[in-house]
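A short write-up of the structure that comes next.
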Amino acid sequence: MDLLKEMLLKEATVVNSDVLKVDSLLNHGAHPRLTMEMGREFARRFKGEKITKVVTLESSGIPVAFCTAYELDVPLVFARRKKTLPDDEEVYSVRVPSYTRGMMTDLIISRELITPEDSVLIIDDIIANGDAAKGLVRIIELAGACLAGIGIVLEKTFQTGGKWLRELGCRVETLVKIKSLENGQIVFE
């Protein structure tokens, strides 16, 4: 995705050799035309799969996942980090470390939203160590659903998340792979 690469070079900020700030593109804002193009691209890449749901995390993954679900004409489900009803026990819940937050966080999806009949496509904004994606994979397993694949907007290939998911046997499609953030520069694969 050349447009995404251009926008990253123009608007992203390298915080350090591990962290890329992409607030205006993914984490705090979105460019609607770019976001729609990312959704179309994921839909194109997974066109041959029987997908019944797109799943993502709140909140950064929602715009791209929404556009992907729209293009595939399937429902979107997003994992929450907090229960909406304190006494709601009808949820799948997995605790995972958050790389960007530096703490443990819960991923929660209502049991009625994912069933054993579903074939799920996970969409995530950025993968570093892959803990959030691993948590979503675990929830899909707990639900007895099928994992059709995982779409990642940005993969930092110098970290282990994408590699681990592929070794697990997951189909992973990445729009842009980042090889390095050394010396304050984004280096694409």
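We label chains A, B, ... in the order they appear in the structure tokens, count residues from 1 in each chain, and number ligands from 1 in the order shown.
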
Spatial neighbours of A:Phe42, max dist 8 Å, only C-alpha atoms, sep filter under 6 positions, as a ChimeraX atom specification: /A:68,151,173

Shell around stretch 54-67 of chain A at 6 Å using only C-alpha atoms, local window under 3 positions removed, as a ChimeraX atom specification: /A:26-27,35-36,39,70,76-80,120-125

If you keep C-alpha atoms, can you produce a file of those selected residues as a compact mmCIF listing (two decimals), in the first residue's frame?
# COMPACT_ATOMS: atom_id res chain seq x y z
CA LEU A 26 -4.73 5.12 13.34
CA ASN A 27 -4.64 5.80 17.06
CA THR A 35 -9.07 4.03 5.88
CA MET A 36 -11.57 2.94 3.21
CA GLY A 39 -10.57 -1.90 4.31
CA TYR A 70 -18.43 -3.04 5.20
CA LEU A 76 -18.17 -6.02 13.02
CA VAL A 77 -17.44 -7.03 16.61
CA PHE A 78 -14.94 -5.21 18.77
CA ALA A 79 -13.38 -6.46 21.97
CA ARG A 80 -13.80 -4.10 24.87
CA VAL A 120 -13.72 -14.74 11.93
CA LEU A 121 -11.29 -12.28 10.39
CA ILE A 122 -9.26 -10.33 12.94
CA ILE A 123 -8.18 -6.81 11.97
CA ASP A 124 -5.58 -5.00 14.09
CA ASP A 125 -3.85 -1.67 13.66

Which of A:Ala143, A:Leu25, A:Leu9, A:Ile126 sits closest to A:Leu175 [using only C-alpha atoms]: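 Residue with the minimum atom-to-atom distance to A:Leu175: A:Ile126.
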
All strand (DSSP E or B) positions in stretch 43-145 of chain A, as a PyMOL selection string: chain A and resi 53-57+76-80+91-98+103-110+119-127

Would you list, as a short mmCIF file (atom, residue, chain, number, x, y, z; two decimals) with C-alpha atoms, in the first residue's frame, the residues of stretch 13-189 of chain A that end up in alpha helix (DSSP H) under DSSP run on this structure's backbone?
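Listing of states-v2.cif after writing:
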data_model
loop_
_atom_site.label_atom_id
_atom_site.label_comp_id
_atom_site.auth_asym_id
_atom_site.auth_seq_id
_atom_site.Cartn_x
_atom_site.Cartn_y
_atom_site.Cartn_z
CA PRO A 32 -11.41 8.44 5.71
CA ARG A 33 -10.23 7.83 2.14
CA LEU A 34 -7.07 6.01 3.32
CA THR A 35 -9.07 4.03 5.88
CA MET A 36 -11.57 2.94 3.21
CA GLU A 37 -8.69 1.88 0.95
CA MET A 38 -7.19 -0.21 3.76
CA GLY A 39 -10.57 -1.90 4.31
CA ARG A 40 -10.92 -2.62 0.58
CA GLU A 41 -7.43 -4.08 0.49
CA PHE A 42 -8.10 -6.44 3.40
CA ALA A 43 -11.42 -7.46 1.80
CA ARG A 44 -9.60 -8.14 -1.47
CA ARG A 45 -6.91 -10.23 0.23
CA ILE A 62 -12.30 0.02 14.76
CA PRO A 63 -12.08 2.35 11.72
CA VAL A 64 -10.15 -0.08 9.49
CA ALA A 65 -12.11 -3.08 10.77
CA PHE A 66 -15.39 -1.24 10.08
CA CYS A 67 -14.33 -0.53 6.50
CA THR A 68 -13.25 -4.15 6.04
CA ALA A 69 -16.54 -5.47 7.43
CA TYR A 70 -18.43 -3.04 5.20
CA GLU A 71 -16.59 -4.28 2.09
CA LEU A 72 -17.16 -7.93 3.09
CA ASP A 131 -0.19 -10.06 22.70
CA ALA A 132 -3.49 -8.39 21.76
CA ALA A 133 -3.81 -10.50 18.59
CA LYS A 134 -2.97 -13.63 20.59
CA GLY A 135 -5.73 -12.68 23.03
CA LEU A 136 -8.27 -12.32 20.20
CA VAL A 137 -7.18 -15.68 18.77
CA ARG A 138 -7.75 -17.21 22.21
CA ILE A 139 -11.26 -15.71 22.43
CA ILE A 140 -12.11 -17.14 19.01
CA GLU A 141 -10.88 -20.54 20.20
CA LEU A 142 -12.97 -20.27 23.40
CA ALA A 143 -16.03 -19.48 21.27
CA GLY A 161 4.23 -10.80 17.08
CA GLY A 162 3.68 -11.45 13.39
CA LYS A 163 6.26 -14.22 13.30
CA TRP A 164 4.67 -15.94 16.30
CA LEU A 165 1.18 -15.84 14.72
CA ARG A 166 2.51 -17.31 11.47
CA GLU A 167 4.32 -20.07 13.38
#

For A:Ile186: contacts at 10 Å, only C-alpha atoms, fewer than 6 positions along chain excluded, given as a list in words: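 Non-adjacent residues within range: Lys5, Leu8, Leu9, Ala12, Thr13, Val14, Ser17, Leu20, Ile178, Lys179 and Ser180 of chain A.
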
Restrict the selected residues to C-alpha atoms and save them as a PDB file, in the first residue's frame.
ATOM      1  CA  LYS A   5       3.616   4.309   3.221  1.00  0.00           C
ATOM      2  CA  LEU A   8       3.406   7.233   7.350  1.00  0.00           C
ATOM      3  CA  LEU A   9       6.479   9.077   6.097  1.00  0.00           C
ATOM      4  CA  ALA A  12       4.089   9.401  11.698  1.00  0.00           C
ATOM      5  CA  THR A  13       6.687  10.170  14.342  1.00  0.00           C
ATOM      6  CA  VAL A  14       9.394   7.763  15.435  1.00  0.00           C
ATOM      7  CA  SER A  17      13.622   2.414  18.068  1.00  0.00           C
ATOM      8  CA  LEU A  20       6.029   4.667  16.121  1.00  0.00           C
ATOM      9  CA  ILE A 178       8.364  -1.918   9.056  1.00  0.00           C
ATOM     10  CA  LYS A 179      11.852  -3.363   9.260  1.00  0.00           C
ATOM     11  CA  SER A 180      13.375  -0.736  11.551  1.00  0.00           C
TER      12      SER A 180
END

Within 10 Å of A:Ser24 using only C-alpha atoms, minus same-chain residues under 3 positions, as a list in words: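 What passes the distance filter is Met7, Leu8, Glu11, Ala12, Lys21, Asn27, His28, Gly29, Ala30 and His31 of chain A.
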
Point-to-point distance from atom CA of A:Glu189 to atom CA of A:Val176, Å rounded to tenths: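 Distance between the two atoms: 8.0 Å.
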
Which of A:Ile51, A:Val74, A:Val15, A:Met103 sits closest to A:Gln185 [using only C-alpha atoms]: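 Between A:Ile51, A:Val74, A:Val15, A:Met103, the residue approaching A:Gln185 most closely is A:Val15.
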
Pick from A:Pro75, A:Gly130, A:Gly149, A:Pro97 nearest to A:Leu113, counting only C-alpha atoms: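 Using only C-alpha atoms, A:Leu113 sits closest to A:Pro75.
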
All residues 7 Å or closer to A:Arg111, only C-alpha atoms, same chain fewer than 6 positions away omitted, as a PyMOL selection string: chain A and resi 90-92
